[in-house]
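Shown below: run_22.csv, with CSV, C-alpha atoms and all ligand atoms.
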chain,number,residue,atom,x,y,z
A,1,MET,CA,151.7,144.2,207.9
A,2,ALA,CA,155.2,144.0,206.3
A,3,TRP,CA,153.8,145.8,203.3
A,4,ARG,CA,152.5,148.6,205.5
A,5,GLN,CA,155.8,148.8,207.3
A,6,ALA,CA,157.6,149.1,203.9
A,7,ASN,CA,155.2,151.9,203.0
A,8,GLN,CA,153.6,150.0,200.2
A,9,VAL,CA,150.2,151.4,199.2
A,10,ILE,CA,147.5,148.8,199.6
A,11,GLY,CA,144.2,148.5,197.7
A,12,PHE,CA,141.5,146.3,199.2
A,13,VAL,CA,138.6,144.6,197.4
A,14,PRO,CA,136.2,142.9,199.9
A,15,THR,CA,133.9,140.2,198.2
A,16,MET,CA,131.7,137.3,199.0
A,17,GLY,CA,133.2,135.2,196.2
A,18,ALA,CA,131.6,133.5,193.2
A,19,LEU,CA,133.6,136.1,191.3
A,20,HIS,CA,132.7,137.6,188.0
A,21,GLN,CA,133.9,140.4,185.7
A,22,GLY,CA,132.4,143.0,188.1
A,23,HIS,CA,134.7,141.9,190.9
A,24,LEU,CA,137.6,141.7,188.6
A,25,SER,CA,137.1,145.2,187.4
A,26,LEU,CA,137.6,146.3,191.1
A,27,ILE,CA,140.8,144.2,191.2
A,28,PHE,CA,142.1,145.8,188.0
A,29,SER,CA,141.3,149.4,189.3
A,30,SER,CA,143.1,148.6,192.6
A,31,LYS,CA,146.1,147.2,190.7
A,32,LYS,CA,146.3,150.4,188.7
A,33,GLU,CA,146.2,152.7,191.7
A,34,ASN,CA,148.1,150.8,194.4
A,35,GLN,CA,151.3,148.8,194.8
A,36,LYS,CA,149.6,145.8,196.4
A,37,THR,CA,146.1,144.5,196.0
A,38,VAL,CA,144.3,142.4,198.6
A,39,CYS,CA,141.0,140.6,198.0
A,40,SER,CA,138.9,139.0,200.7
A,41,ILE,CA,136.4,136.2,200.1
A,42,PHE,CA,134.0,135.8,203.0
A,43,VAL,CA,130.3,135.0,202.8
A,44,ASN,CA,129.3,137.1,205.8
A,45,PRO,CA,126.5,135.4,207.8
A,46,THR,CA,125.6,138.5,209.8
A,47,GLN,CA,124.4,140.4,206.7
A,48,PHE,CA,121.9,137.8,205.6
A,49,ASN,CA,118.5,138.3,207.1
A,50,ASN,CA,117.1,135.3,205.1
A,51,PRO,CA,118.8,131.9,206.1
A,52,GLU,CA,117.8,130.4,202.7
A,53,ASP,CA,119.5,133.2,200.8
A,54,PHE,CA,122.7,132.5,202.9
A,55,GLU,CA,122.5,128.7,202.3
A,56,LYS,CA,122.0,129.1,198.6
A,57,TYR,CA,124.7,131.8,198.2
A,58,PRO,CA,127.0,130.4,195.4
A,59,VAL,CA,130.5,129.2,196.3
A,60,SER,CA,133.2,128.6,193.8
A,61,MET,CA,136.5,128.9,195.8
A,62,GLU,CA,138.8,127.1,193.4
A,63,GLU,CA,137.6,129.0,190.4
A,64,ASP,CA,137.8,132.3,192.3
A,65,LEU,CA,141.4,131.7,193.4
A,66,HIS,CA,142.3,130.9,189.9
A,67,MET,CA,140.7,134.1,188.6
A,68,LEU,CA,142.4,136.2,191.2
A,69,GLU,CA,145.8,134.7,190.4
A,70,LYS,CA,145.3,135.3,186.7
A,71,ALA,CA,144.2,138.9,187.5
A,72,GLY,CA,147.4,139.5,189.4
A,73,CYS,CA,145.9,139.9,192.8
A,74,ASP,CA,148.7,139.9,195.4
A,75,LEU,CA,147.0,138.4,198.4
A,76,VAL,CA,143.7,136.7,199.0
A,77,PHE,CA,142.2,136.6,202.5
A,78,VAL,CA,139.8,133.8,203.1
A,79,PRO,CA,138.8,133.8,206.8
A,80,SER,CA,136.4,131.3,208.4
A,81,ALA,CA,133.3,132.4,210.2
A,82,GLN,CA,134.9,131.4,213.5
A,83,GLU,CA,137.9,133.6,212.8
A,84,MET,CA,135.7,136.6,211.9
A,85,TYR,CA,133.3,136.1,214.8
A,86,PRO,CA,135.2,134.4,217.7
A,87,ASN,CA,132.6,135.8,220.1
A,88,LEU,CA,129.3,137.6,220.0
A,89,THR,CA,129.4,141.3,220.1
A,90,GLN,CA,126.7,143.6,221.6
A,91,LEU,CA,127.8,146.3,219.2
A,92,ARG,CA,124.9,147.5,216.9
A,93,PHE,CA,125.3,149.8,213.9
A,94,GLN,CA,122.4,152.2,213.1
A,95,PHE,CA,122.4,154.5,210.1
A,96,GLY,CA,119.2,156.4,210.5
A,97,ALA,CA,117.2,157.1,207.3
A,98,LEU,CA,120.1,155.8,205.2
A,99,GLY,CA,119.9,152.4,206.8
A,100,SER,CA,116.2,152.1,207.0
A,101,THR,CA,115.0,152.5,203.4
A,102,MET,CA,115.4,150.3,200.4
A,103,GLU,CA,117.8,147.4,201.3
A,104,GLY,CA,117.5,148.4,205.0
A,105,ALA,CA,113.7,148.2,204.9
A,106,PHE,CA,113.5,144.9,203.1
A,107,ARG,CA,116.5,143.3,204.7
A,108,PRO,CA,116.4,144.2,208.4
A,109,GLY,CA,119.8,144.0,210.1
A,110,HIS,CA,121.6,143.8,206.7
A,111,PHE,CA,123.6,147.0,207.0
A,112,HIS,CA,124.5,146.3,210.6
A,113,GLY,CA,126.1,143.0,209.3
A,114,VAL,CA,127.8,144.8,206.4
A,115,ALA,CA,129.3,147.5,208.6
A,116,LEU,CA,130.5,145.0,211.2
A,117,VAL,CA,132.3,142.8,208.7
A,118,VAL,CA,133.7,145.7,206.7
A,119,LEU,CA,135.1,147.4,209.8
A,120,LYS,CA,136.6,144.1,210.9
A,121,LEU,CA,138.1,143.5,207.5
A,122,PHE,CA,139.5,147.1,207.3
A,123,ASN,CA,141.2,146.6,210.7
A,124,LEU,CA,142.7,143.3,209.6
A,125,VAL,CA,143.8,144.3,206.2
A,126,LEU,CA,144.8,147.9,207.0
A,127,PRO,CA,144.3,149.2,203.4
A,128,ASN,CA,145.0,152.7,202.1
A,129,ARG,CA,142.2,152.4,199.6
A,130,ALA,CA,139.1,150.2,199.4
A,131,TYR,CA,137.1,149.4,196.3
A,132,PHE,CA,133.3,149.0,196.1
A,133,GLY,CA,130.9,148.6,193.2
A,134,GLN,CA,128.2,151.1,192.5
A,135,LYS,CA,126.0,148.0,192.0
A,136,ASP,CA,125.5,148.1,195.8
A,137,PHE,CA,125.1,151.8,195.9
A,138,GLN,CA,123.3,152.1,199.2
A,139,GLN,CA,126.0,149.8,200.7
A,140,TYR,CA,128.7,152.2,199.4
A,141,LEU,CA,126.8,155.2,201.1
A,142,ILE,CA,126.7,153.2,204.4
A,143,ILE,CA,130.4,152.4,204.3
A,144,LYS,CA,131.2,156.0,203.4
A,145,HIS,CA,129.2,157.1,206.4
A,146,LEU,CA,131.1,154.6,208.5
A,147,VAL,CA,134.5,155.8,207.2
A,148,ASP,CA,133.6,159.5,207.6
A,149,SER,CA,132.0,159.2,211.1
A,150,LEU,CA,134.9,157.2,212.5
A,151,PHE,CA,137.7,159.2,210.8
A,152,LEU,CA,139.0,156.0,209.1
A,153,ASN,CA,142.1,156.8,207.1
A,154,ILE,CA,140.9,154.8,204.1
A,155,GLU,CA,140.1,156.3,200.7
A,156,LEU,CA,136.9,154.8,199.3
A,157,ARG,CA,136.4,154.3,195.6
A,158,CYS,CA,133.0,153.6,194.0
A,159,MET,CA,133.4,151.9,190.7
A,160,PRO,CA,131.0,151.5,187.7
A,161,ILE,CA,128.6,148.6,187.3
A,162,ILE,CA,129.7,145.9,184.9
A,163,ARG,CA,126.8,144.5,182.9
A,164,GLU,CA,125.9,141.6,180.6
A,165,GLU,CA,125.0,142.3,177.0
A,166,ASN,CA,121.3,142.7,177.8
A,167,GLY,CA,122.1,145.2,180.5
A,168,LEU,CA,121.7,142.8,183.5
A,169,ALA,CA,124.1,143.9,186.2
A,170,MET,CA,126.6,141.1,186.8
A,171,SER,CA,126.0,139.4,190.2
A,172,SER,CA,127.0,136.2,191.9
A,173,ARG,CA,123.3,135.6,192.3
A,174,ASN,CA,122.8,135.5,188.5
A,175,ARG,CA,124.3,131.9,188.7
A,176,ARG,CA,121.0,130.8,190.1
A,177,LEU,CA,119.1,132.1,187.0
A,178,SER,CA,118.2,130.0,184.0
A,179,LYS,CA,119.0,131.3,180.5
A,180,GLU,CA,115.4,132.5,180.2
A,181,GLY,CA,115.6,134.1,183.7
A,182,LYS,CA,118.8,136.0,182.6
A,183,ASP,CA,117.0,137.3,179.5
A,184,LYS,CA,114.0,138.3,181.5
A,185,ALA,CA,116.1,140.1,184.1
A,186,GLY,CA,117.1,142.6,181.3
A,187,ILE,CA,113.8,144.3,182.3
A,188,ILE,CA,115.5,145.8,185.3
A,189,TYR,CA,118.0,147.7,183.2
A,190,GLN,CA,115.3,148.7,180.7
A,191,ALA,CA,113.3,150.2,183.6
A,192,LEU,CA,116.3,152.2,184.8
A,193,GLU,CA,116.9,153.5,181.2
A,194,LEU,CA,113.2,154.3,180.9
A,195,SER,CA,113.2,156.3,184.2
A,196,LYS,CA,116.2,158.3,183.0
A,197,GLU,CA,114.5,159.1,179.7
A,198,LEU,CA,111.2,160.1,181.4
A,199,PHE,CA,113.1,162.2,183.9
A,200,SER,CA,115.0,164.0,181.1
A,201,LYS,CA,111.5,164.8,179.5
A,202,ASN,CA,110.5,166.5,182.8
A,203,ILE,CA,107.9,163.8,183.6
A,204,SER,CA,107.0,163.9,187.3
A,205,ILE,CA,108.6,161.4,189.8
A,206,SER,CA,105.2,159.8,190.6
A,207,GLU,CA,104.4,159.3,186.9
A,208,ILE,CA,107.9,157.7,186.4
A,209,GLN,CA,107.1,155.4,189.3
A,210,THR,CA,103.8,154.4,187.7
A,211,GLU,CA,105.4,153.8,184.3
A,212,VAL,CA,108.1,151.6,185.8
A,213,LEU,CA,105.6,149.6,188.0
A,214,ASN,CA,103.5,149.1,184.8
A,215,LEU,CA,106.5,147.8,182.9
A,216,PHE,CA,107.2,145.2,185.6
A,217,LYS,CA,103.5,144.2,185.8
A,218,LEU,CA,103.3,143.8,182.0
A,219,ASN,CA,106.3,141.5,182.1
A,220,GLU,CA,105.0,139.6,185.1
A,221,VAL,CA,108.2,140.4,187.1
A,222,GLU,CA,107.8,141.0,190.9
A,223,ILE,CA,109.3,144.3,191.9
A,224,GLU,CA,110.2,144.9,195.6
A,225,TYR,CA,111.0,148.6,195.4
A,226,PHE,CA,111.6,151.3,192.9
A,227,GLN,CA,113.0,154.4,194.5
A,228,MET,CA,114.7,157.6,193.4
A,229,ILE,CA,116.9,159.1,196.1
A,230,ASP,CA,119.0,162.2,196.6
A,231,THR,CA,122.6,160.8,196.9
A,232,GLN,CA,123.6,163.6,199.2
A,233,ASP,CA,120.7,163.1,201.6
A,234,ILE,CA,118.4,160.1,201.4
A,235,SER,CA,115.7,161.7,203.6
A,236,LYS,CA,115.3,164.6,201.2
A,237,PRO,CA,112.5,164.4,198.6
A,238,ILE,CA,113.9,164.7,195.1
A,239,ASP,CA,112.8,166.9,192.2
A,240,HIS,CA,114.2,167.9,188.8
A,241,HIS,CA,116.7,170.3,190.5
A,242,THR,CA,118.3,167.6,192.7
A,243,SER,CA,122.0,167.6,191.7
A,244,GLU,CA,122.5,163.8,191.8
A,245,ILE,CA,119.8,161.1,192.0
A,246,ALA,CA,120.2,157.4,192.3
A,247,ILE,CA,117.4,155.3,190.7
A,248,CYS,CA,117.3,152.0,192.6
A,249,ILE,CA,115.4,148.8,192.0
A,250,ALA,CA,115.1,145.5,193.7
A,251,ALA,CA,113.2,142.7,191.9
A,252,TYR,CA,112.7,138.9,192.0
A,253,ILE,CA,113.4,136.7,189.0
A,254,GLU,CA,112.9,133.0,189.4
A,255,GLY,CA,112.9,133.5,193.2
A,256,VAL,CA,116.3,135.2,193.0
A,257,ARG,CA,116.5,138.7,194.5
A,258,LEU,CA,118.4,141.2,192.2
A,259,ILE,CA,119.3,144.8,192.7
A,260,ASP,CA,120.4,147.5,190.3
A,261,ASN,CA,120.7,151.3,190.1
A,262,THR,CA,121.8,154.1,187.9
A,263,LEU,CA,122.9,157.6,188.7
A,264,LEU,CA,121.4,160.8,187.2
A,265,THR,CA,123.6,163.9,187.5
A,266,LEU,CA,122.1,167.3,186.8
A,267,ASN,CA,123.7,168.9,183.8
A,268,ARG,CA,124.4,172.4,184.9
A,269,ASN,CA,125.5,173.7,181.5
B,1,LIG,P1,129.8,140.9,196.6
B,1,LIG,O1,130.7,139.7,196.4
B,1,LIG,O2,128.5,140.7,195.9
B,1,LIG,O3,129.7,141.3,198.0
B,1,LIG,O4,130.5,142.1,195.9
B,1,LIG,C1,131.8,142.5,196.2
B,1,LIG,C2,132.0,143.9,195.6
B,1,LIG,O5,131.9,143.8,194.2
B,1,LIG,C3,131.0,144.9,196.1
B,1,LIG,O6,131.6,146.2,196.3
B,1,LIG,C4,130.0,145.0,194.9
B,1,LIG,O7,129.4,146.2,194.8
B,1,LIG,C5,131.0,144.8,193.7
B,1,LIG,N1,130.2,144.3,192.5
B,1,LIG,C6,129.3,143.3,192.5
B,1,LIG,N2,128.8,143.2,191.3
B,1,LIG,C7,129.3,144.2,190.5
B,1,LIG,C8,129.2,144.6,189.1
B,1,LIG,N3,128.4,144.0,188.3
B,1,LIG,N4,130.0,145.6,188.7
B,1,LIG,C9,130.8,146.3,189.6
B,1,LIG,N5,131.0,145.9,190.8
B,1,LIG,C10,130.3,144.9,191.3

Spell out the structure here as structure tokens.
Amino acid sequence: MAWRQANQVIGFVPTMGALHQGHLSLIFSSKKENQKTVCSIFVNPTQFNNPEDFEKYPVSMEEDLHMLEKAGCDLVFVPSAQEMYPNLTQLRFQFGALGSTMEGAFRPGHFHGVALVVLKLFNLVLPNRAYFGQKDFQQYLIIKHLVDSLFLNIELRCMPIIREENGLAMSSRNRRLSKEGKDKAGIIYQALELSKELFSKNISISEIQTEVLNLFKLNEVEIEYFQMIDTQDISKPIDHHTSEIAICIAAYIEGVRLIDNTLLTLNRN
């Protein structure tokens, strides 16, 4: 609060901890663009539809705090579940088509929980800017909808996906993978690159879908969804004239659910 009163510009990075370079890239961007950087660590129970996923979510608080200190983060907010949810709310967030496809379809209630906790965190931290990763692109679109709809005076920044050498998007959940699992998970990035390449060769969307599903089948990796969406309007069917497309995948490796995506922007030259 004192920072706000002193007109300090505050950047905010909400996380669920088990930090990696992807999280740190958000901290570094915030540090560059703001006078103060606040990071929150809170494994939000209301966004987990699967209790086992919640219980197995990796926690490494000491390491996280050390990483944040080294990165020069000014303040770390680590609330308890009791502090964030002192009482039950009847409030329910609905996001229409945006909230009911992909993550919304396979994780019922997930985006309600995300919106609830992010709005609470925004109201507690009062940031000028908030940083999110493109890694959770649908989540970014949901939060953007929330901010736009409620006239929240917060500038959102969507930052690039930080990847391992084999293309695997960094994720706290990767800690649950074996070395072989991590190698195998490179298939997700390969599928995204393949889709991009096929799209640039004017291959139809349904053929791209078939090729990607085949790639996963051949490698015996379970895919939950592969979807190409119009980033401006998720309910609109896409074609080769859509100005920006997100190619999104959710897949299971060694029982761990992983998501990834890439953006395709129409070159108008
Ligand atoms: P999480 O702790 O998984 O809730 O993530 C906190 C923030 O970090 C979210 O905005 C994520 O999109 C972002 N993030 C997670 N992984 C990456 C990554 N590999 N690259 C960039 N941002 C990421």

- Query: Which residues form the shell of 8 Å around ligand LIG 1 (chain B) when you count all atoms listed in the file, given as a ChimeraX atom specification?
  - Reply: /A:13-23,25-26,41,43,131-137,139-140,158-163,169-172

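Each of A:Phe199, A:Tyr252, A:Phe151, A:Tyr225 was compared to Lys184 (chain A) using only C-alpha atoms, and A:Tyr252 turns out to be the nearest.
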
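CA of Thr231 (chain A) to CA of Gly113 (chain A) spans 22.0 Å [interatomic distance, one decimal].
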
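Each of A:Ile245, A:Ala251, A:Ala6, A:Leu68 was compared to Lys217 (chain A) using all atoms listed in the file, and A:Ala251 turns out to be the nearest.
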
- Message: One decimal, in Å: what's the spacing between CA of Cys248 (chain A) and CA of Asp260 (chain A)?
- Response: 5.9 Å

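One distance worth recording is that between CA of Val9 (chain A) and CA of Gln138 (chain A), which is 26.9 Å.
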
- Task: Using all atoms listed in the file, give me every residue within 10 Å of (130.7, 138.4, 216.2) in file coordinates, as a PyMOL selection string.
- Result: chain A and resi 45-46+81-91+113+116-117+120

- Within 9 Å of region 1-3 of chain A using all atoms listed in the file, minus same-chain residues under 6 positions, as a list in words: Val9, Ile10, Lys36, Val125 and Leu126 of chain A

- Message: Is it possible to get the residues within 10 Å of (106.7, 140.1, 185.7) (coordinates as in the file, counting only C-alpha atoms) written as a ChimeraX atom specification?
- Response: /A:184-185,187,213-223,251-253

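Closest approach to His145 (chain A) among A:Met228, A:Leu119, A:Leu194, A:Ala250: A:Leu119, based on all atoms listed in the file.
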
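Using only C-alpha atoms, the shortest contact distance between Asn261 (chain A) and any of A:Glu52, A:Asp148, A:Glu33, A:Glu193 is found at A:Glu193.
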